[in-house]
Amino acid sequence: MAIHGLNISMAVFTALSAYGLLLYYAGGSDAAAATSLPAMLSYLAAIAACIAGIGFFGVQLDRRKSEERLEEAARKAAEAARKGRRKPVKGG
């Protein structure tokens with residue numbers, strides 16, 4: 001779920017940023033002045049939510065990767081301990 005949330009947050013943030021840039025280049029300050037206050041505040045809220053989502057899901061993904069690395073290290077240590085207890089085979 002963390003990777004999907006992170007991907008969605010980044011995609012929406014990128015889309016909103018691209019839309020803002022295209023709007024700016026198409027109309028410049030006239031387009032910004034024509035945008036109503038509620039519309040501008042909704043864009044800002046969506047951008048803030050995307051940034052918060054990127055941070056939240058990024059932390060969740062990092063935590064998950066860290067747990068996977070610890071599990072892998074524990075598995076390798078257990079495997080090495082098992083191999084260390086075996087008696088060597090005598091060659092004939």
# chains A, B, ... in the order shown; residues from 1 in each chain; ligands from 1

$ residues_around --residues "A:Thr14" --least-positions-apart "6" --cutoff "12 Å" --atoms "only C-alpha atoms" --output "PyMOL selection string"
chain A and resi 7-8+20-21+46-47+50-51+54

$ write_last_selection --atoms "C-alpha atoms" --output "PDB file, in the first residue's frame"
ATOM      1  CA  ASN A   7       3.037   6.847  -6.504  1.00  0.00           C
ATOM      2  CA  ILE A   8      -0.436   8.422  -6.417  1.00  0.00           C
ATOM      3  CA  GLY A  20       0.046  25.461 -12.753  1.00  0.00           C
ATOM      4  CA  LEU A  21       3.028  25.957 -15.054  1.00  0.00           C
ATOM      5  CA  ALA A  46      -4.312  19.630  -2.762  1.00  0.00           C
ATOM      6  CA  ILE A  47      -0.611  20.427  -3.147  1.00  0.00           C
ATOM      7  CA  CYS A  50       0.243  15.635  -1.851  1.00  0.00           C
ATOM      8  CA  ILE A  51       3.403  16.776  -0.089  1.00  0.00           C
ATOM      9  CA  ILE A  54       4.662  11.840  -0.179  1.00  0.00           C
TER      10      ILE A  54
END

$ residues_around --residues "A:Gly55" --least-positions-apart "5" --cutoff "10 Å" --atoms "only C-alpha atoms" --output "CSV table (one decimal) with N, CA, C and O atoms, in the first residue's frame"
chain,number,residue,atom,x,y,z
A,6,LEU,N,2.4,6.4,-2.4
A,6,LEU,CA,3.5,7.2,-2.7
A,6,LEU,C,3.4,7.6,-4.2
A,6,LEU,O,3.6,8.8,-4.6
A,9,SER,N,0.5,10.0,-4.8
A,9,SER,CA,0.8,11.3,-4.3
A,9,SER,C,1.7,12.1,-5.2
A,9,SER,O,1.5,13.3,-5.5
A,49,ALA,N,-1.6,18.5,0.6
A,49,ALA,CA,-2.0,17.1,0.9
A,49,ALA,C,-1.0,16.1,0.1
A,49,ALA,O,-0.7,15.1,0.7
A,50,CYS,N,-0.7,16.5,-1.1
A,50,CYS,CA,0.2,15.6,-1.9
A,50,CYS,C,1.6,15.6,-1.2
A,50,CYS,O,2.2,14.5,-1.1
A,60,GLN,N,6.7,5.2,5.4
A,60,GLN,CA,6.1,3.9,5.5
A,60,GLN,C,6.9,2.9,4.6
A,60,GLN,O,7.3,1.8,5.0
A,61,LEU,N,7.3,3.4,3.4
A,61,LEU,CA,8.1,2.5,2.5
A,61,LEU,C,9.5,2.3,3.0
A,61,LEU,O,10.0,1.2,3.0

$ closest_residue --among "A:Thr35, A:Arg63, A:Leu23, A:Glu71" --to "A:Ala2" --atoms "only C-alpha atoms"
A:Arg63

$ atom_distance --atom1 "atom CA of A:Leu16" --atom2 "atom CA of A:Leu37"
16.6 Å

$ closest_residue --among "A:Ala81, A:Ala34, A:Met40, A:Val59" --to "A:Ile3" --atoms "only C-alpha atoms"
A:Val59
